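Each remark here refers to the structure printed beneath this line.
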Amino acid sequence: MRYLPILAALPLLCASHAFANSLISVGYFNGGGDVTAGPGGDIDKLDVRQITHLNYSFGLIYNNEKDETNEALKDPGKLHQLWLSPKVQADLQKIPELRKQNPDLKVLLSVGGWGARGFSGAADNKESRATFIRSVQEVMDRYGLDGIDLDWEYPVNGAWGLVDKQPADRDNFTALLKELRQALGDKKLVTIAVGANAESPKSWVDVKAIAPVLNYINLMTYDMAYGTQYFNSNLYDSSQWPTVAAADKYSADFVVNNYLAAGLKPEQMNLGIGFYGRVPKRAVEPGIDWTKADAQNNPVTKPYFGEAEKTLFSSLGYHLDKDTYVKYNDIVSKLLNDPQKRFTEHWDDQAKVPWLSVKSASGEPLFALSYENPRSVDLKAQYIKEKGLGGAMFWEYGADDNNQLAKQLATSLGIRH
C-alpha cells in the first residue's frame, strides 16, 4: 500500500527545536504492570524532580489477535482503541499532584511494551488508524496529557513471533505516526521507543520517514544479554568478556551508530538506560551462532551455571529458566548487601559497566549479572554529551534504589528543578 506525503508542510519536530537545546531525561514508570518488570509501582512515591518527561506505562490496545490472554482486550466493539486498566486510570488522575513537584514536567502515556498486542492491526489501514488515533485523542484530553509514546515491540519482527506481524508493518507504522501528528498538531509530543536490534533501523522502522513527525526517539539500548553476549547494557565492547557470535555483538555505542547511519539526527535520539540487570542467557543455555549452517546442533558456547548457581538465584526469587530481570534496588539490597557475601562486584573499564561474579563449586569466579550503577550512569551521560544526543531515557523508575540512579543522571545531564 502507498501513502501520500500528507505532512510535507509540517516542521521538523526534533528534540533541539522543541526543548531549546537542553538535555532531557525521560523516565518510564511501570504503573500498569509489565510482563517482565512485575506488578505496577506506587505513583505516590515518585520523585519527578529528577526528570523532564514522565512516560506512564502502559496503555494497551483492544485487539483480535488469537493469542491474546487478557480477556478485557477482546471486546470487538472497541477494536483498535486504547485500554487502560483501573489502576492506570486511577494513577493518571493524580498527574496534577505530580506536576506540583515539577511544574515543567511533561507527562506522556506509553502504549505497548514487551508482548503487547494490537499494533499491527491498529496500523493496518486508514480506518483502523483513525479509530486508534481518536482513542488516543480522547485519553489525552481526559487526563491532560502532554503527549503519546508508542512502544511497538516490534514492527515487521513481531517480537520474534510473539505478537502479530506483517511485512507492511513498516510502512503502516510510518502512516500511523504521520496521521497521529496531523491529528494532534505540533503542540503535543509524539514519541516512540525502538529496539536495539541491528535490523530495527534497517527493515523494521523507516527512520528517515518518521523522524520529521516525531519529537524524539527513545533507544532501548539494553536487554542485550542474549545469545553469546555477557552484558545487558554495555557502552562499548569488552575484551575480557567477549561475545562469541558476531551477530550478538551489541553495545550502546553500536546501536547509536546504527541509527545515525540510518539517517536519525543525534539530537533526536535519547540513550536508553536500564535501572536493572540481567543474568546472561549464555550462563544457563547454549549460545548459538545462527549465521552458521546447522547452527542449532552446533552451539558455540556451553552453559556455565550449575545447580548451585541456579539454586542461589532461585532462593533469591529469580528462576533463571523464566526470569533474569533483577531491579537495581534488589541488586543493592539482595546481592551487593548479601549477608553471606556470595557475590563480588567488579568493573569492566572497556564495557563501562559493573558486573557481579559468584564462585562456582570449584571456587572459580563466574560472570553472574551486569547492571548499571551511579558510575556507569554518569559515563553514559558523558557519552550523551559527546555524541550530541538529545538526552537519556530510562526503564524504569520503580526499579531505582532511593532515586540514586535518577539523581545521578539528572546531575550528570545538568537537569535542575
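Each chain in the C-alpha cells gets a letter, A, B, ..., in the order shown, and its residues are numbered from 1; ligands are numbered from 1 in order too.
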
For this session: Compile the contact shell of region 346-353 of chain A as a PyMOL selection string: residues with an atom at most 9 Å away, counting only C-alpha atoms, same-chain residues fewer than 2 positions apart removed.
Result: chain A and resi 231+233-241+251+344+355-357+370-373+375-377+379-380

Could you write out the selected residues, including C-alpha atoms, as a short mmCIF file (atom, residue, chain, number, x, y, z; two decimals), in the first residue's frame?
data_model
loop_
_atom_site.label_atom_id
_atom_site.label_comp_id
_atom_site.auth_asym_id
_atom_site.auth_seq_id
_atom_site.Cartn_x
_atom_site.Cartn_y
_atom_site.Cartn_z
CA PHE A 231 26.49 -7.69 29.18
CA SER A 233 23.75 -2.64 28.55
CA ASN A 234 27.46 -2.18 27.92
CA LEU A 235 28.54 1.15 26.49
CA TYR A 236 31.34 -0.45 24.44
CA ASP A 237 32.67 -3.96 23.73
CA SER A 238 34.71 -5.86 26.31
CA SER A 239 37.79 -7.94 25.54
CA GLN A 240 37.69 -9.59 28.97
CA TRP A 241 34.16 -10.89 28.35
CA SER A 251 26.82 -2.19 22.71
CA THR A 344 31.64 -9.95 44.27
CA TRP A 355 29.14 -6.76 36.96
CA LEU A 356 28.87 -9.36 39.70
CA SER A 357 30.53 -12.73 39.96
CA SER A 370 25.67 -6.98 34.68
CA TYR A 371 23.77 -3.81 35.53
CA GLU A 372 24.01 -0.03 35.97
CA ASN A 373 25.26 1.93 38.97
CA ARG A 375 29.32 5.45 37.92
CA SER A 376 28.07 3.81 34.73
CA VAL A 377 25.09 6.17 34.54
CA LEU A 379 29.59 7.73 31.96
CA LYS A 380 26.53 7.22 29.77
#

For this session: Could you tell me, as a PyMOL selection string, which residues of region 117-301 of chain A DSSP assigns to alpha helix (DSSP H) when given the backbone?
Result: chain A and resi 119-122+126-143+158-161+169-184+207-210+252-261

For this session: Might you pull out every residue within 10 Å of Ala209 (chain A), with only C-alpha atoms counted and same-chain residues fewer than 6 positions away left off, and present them as number ranges by chain?
Result: A: 5, 171, 174-175, 177-178, 263-264

Exercise. Between A:Gly272, A:Gly112, A:Pro303, A:Pro155, which one has atoms that come closest to Lys202 (chain A), using only C-alpha atoms?
Worked result: A:Pro155

Exercise. Quick one: DSSP strand (DSSP E or B) residues in region 170-287 of chain A, as a PyMOL selection string?
Worked result: chain A and resi 189-194+216-219+269-274+276-278+287

Could you dump the residues just selected with C-alpha atoms as a CSV table (one decimal), in the first residue's frame?
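Just written: again27.csv:
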chain,number,residue,atom,x,y,z
A,189,LEU,CA,4.6,15.3,21.9
A,190,VAL,CA,4.7,12.2,19.7
A,191,THR,CA,7.5,9.8,20.5
A,192,ILE,CA,8.4,6.2,20.1
A,193,ALA,CA,10.7,3.6,21.6
A,194,VAL,CA,12.8,1.5,19.2
A,216,TYR,CA,12.4,12.3,19.7
A,217,ILE,CA,13.0,8.6,19.6
A,218,ASN,CA,14.0,6.5,22.7
A,219,LEU,CA,16.6,3.9,22.0
A,269,MET,CA,17.6,10.3,20.0
A,270,ASN,CA,17.7,9.5,23.7
A,271,LEU,CA,20.0,6.8,25.0
A,272,GLY,CA,18.2,4.2,27.0
A,273,ILE,CA,19.5,3.2,30.4
A,274,GLY,CA,18.1,0.2,32.3
A,276,TYR,CA,18.1,-3.2,36.4
A,277,GLY,CA,20.4,-6.1,35.5
A,278,ARG,CA,20.2,-9.4,33.7
A,287,GLY,CA,24.9,-20.0,22.8

Seminar exercise, completed: In Å and to one decimal, CA of Leu92 (chain A) is distant from CA of Gly32 (chain A) by 10.6 Å

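Distances to Asn197 (chain A) were evaluated for A:Ala90, A:Val255, A:Val332, A:Val26 using only C-alpha atoms, and the minimum falls at A:Val255.
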
Exercise. From the set A:Leu180, A:Lys78, A:Leu389, A:Leu335, which residue has the shortest atom-to-atom contact distance to Ser315 (chain A), counting only C-alpha atoms?
Worked result: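 Selected residue with least distance to Ser315 (chain A): A:Leu335.
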
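Nearest-residue note for Gly40 (chain A): choosing from A:Glu396, A:Asp104, A:Asp289, A:Glu386, the minimum distance belongs to A:Glu396, counting only C-alpha atoms.
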
Problem set entry | Spatial neighbours of Gly118 (chain A), 8 Å, only C-alpha atoms, chain gap at least 3 places, as a ChimeraX atom specification | /A:60-65,80,121-122,164

Same residues, N, CA and C atoms, output as a PDB file, in the first residue's frame:
ATOM      1  N   LEU A  60      -2.767  -0.229  26.701  1.00  0.00           N
ATOM      2  CA  LEU A  60      -2.774  -1.357  25.768  1.00  0.00           C
ATOM      3  C   LEU A  60      -3.829  -1.131  24.691  1.00  0.00           C
ATOM      4  N   ILE A  61      -3.913  -2.046  23.744  1.00  0.00           N
ATOM      5  CA  ILE A  61      -4.792  -1.875  22.595  1.00  0.00           C
ATOM      6  C   ILE A  61      -5.781  -3.044  22.509  1.00  0.00           C
ATOM      7  N   TYR A  62      -7.064  -2.726  22.391  1.00  0.00           N
ATOM      8  CA  TYR A  62      -8.057  -3.759  22.119  1.00  0.00           C
ATOM      9  C   TYR A  62      -7.701  -4.410  20.784  1.00  0.00           C
ATOM     10  N   ASN A  63      -7.690  -5.749  20.767  1.00  0.00           N
ATOM     11  CA  ASN A  63      -7.246  -6.441  19.554  1.00  0.00           C
ATOM     12  C   ASN A  63      -7.971  -7.764  19.387  1.00  0.00           C
ATOM     13  N   ASN A  64      -7.803  -8.338  18.208  1.00  0.00           N
ATOM     14  CA  ASN A  64      -8.408  -9.647  17.924  1.00  0.00           C
ATOM     15  C   ASN A  64      -7.342 -10.685  17.594  1.00  0.00           C
ATOM     16  N   GLU A  65      -6.142 -10.518  18.159  1.00  0.00           N
ATOM     17  CA  GLU A  65      -5.085 -11.496  17.936  1.00  0.00           C
ATOM     18  C   GLU A  65      -5.428 -12.795  18.664  1.00  0.00           C
ATOM     19  N   HIS A  80      -9.104  -1.802  18.269  1.00  0.00           N
ATOM     20  CA  HIS A  80      -8.088  -0.794  17.896  1.00  0.00           C
ATOM     21  C   HIS A  80      -8.081   0.434  18.801  1.00  0.00           C
ATOM     22  N   GLY A 121      -2.598  -4.665  13.831  1.00  0.00           N
ATOM     23  CA  GLY A 121      -3.981  -4.493  13.394  1.00  0.00           C
ATOM     24  C   GLY A 121      -4.413  -3.041  13.388  1.00  0.00           C
ATOM     25  N   ALA A 122      -4.031  -2.285  14.432  1.00  0.00           N
ATOM     26  CA  ALA A 122      -4.430  -0.879  14.526  1.00  0.00           C
ATOM     27  C   ALA A 122      -3.807  -0.035  13.421  1.00  0.00           C
ATOM     28  N   ASP A 164       1.312 -10.482  16.613  1.00  0.00           N
ATOM     29  CA  ASP A 164       1.017 -10.444  15.185  1.00  0.00           C
ATOM     30  C   ASP A 164       1.953  -9.480  14.450  1.00  0.00           C
TER      31      ASP A 164
END
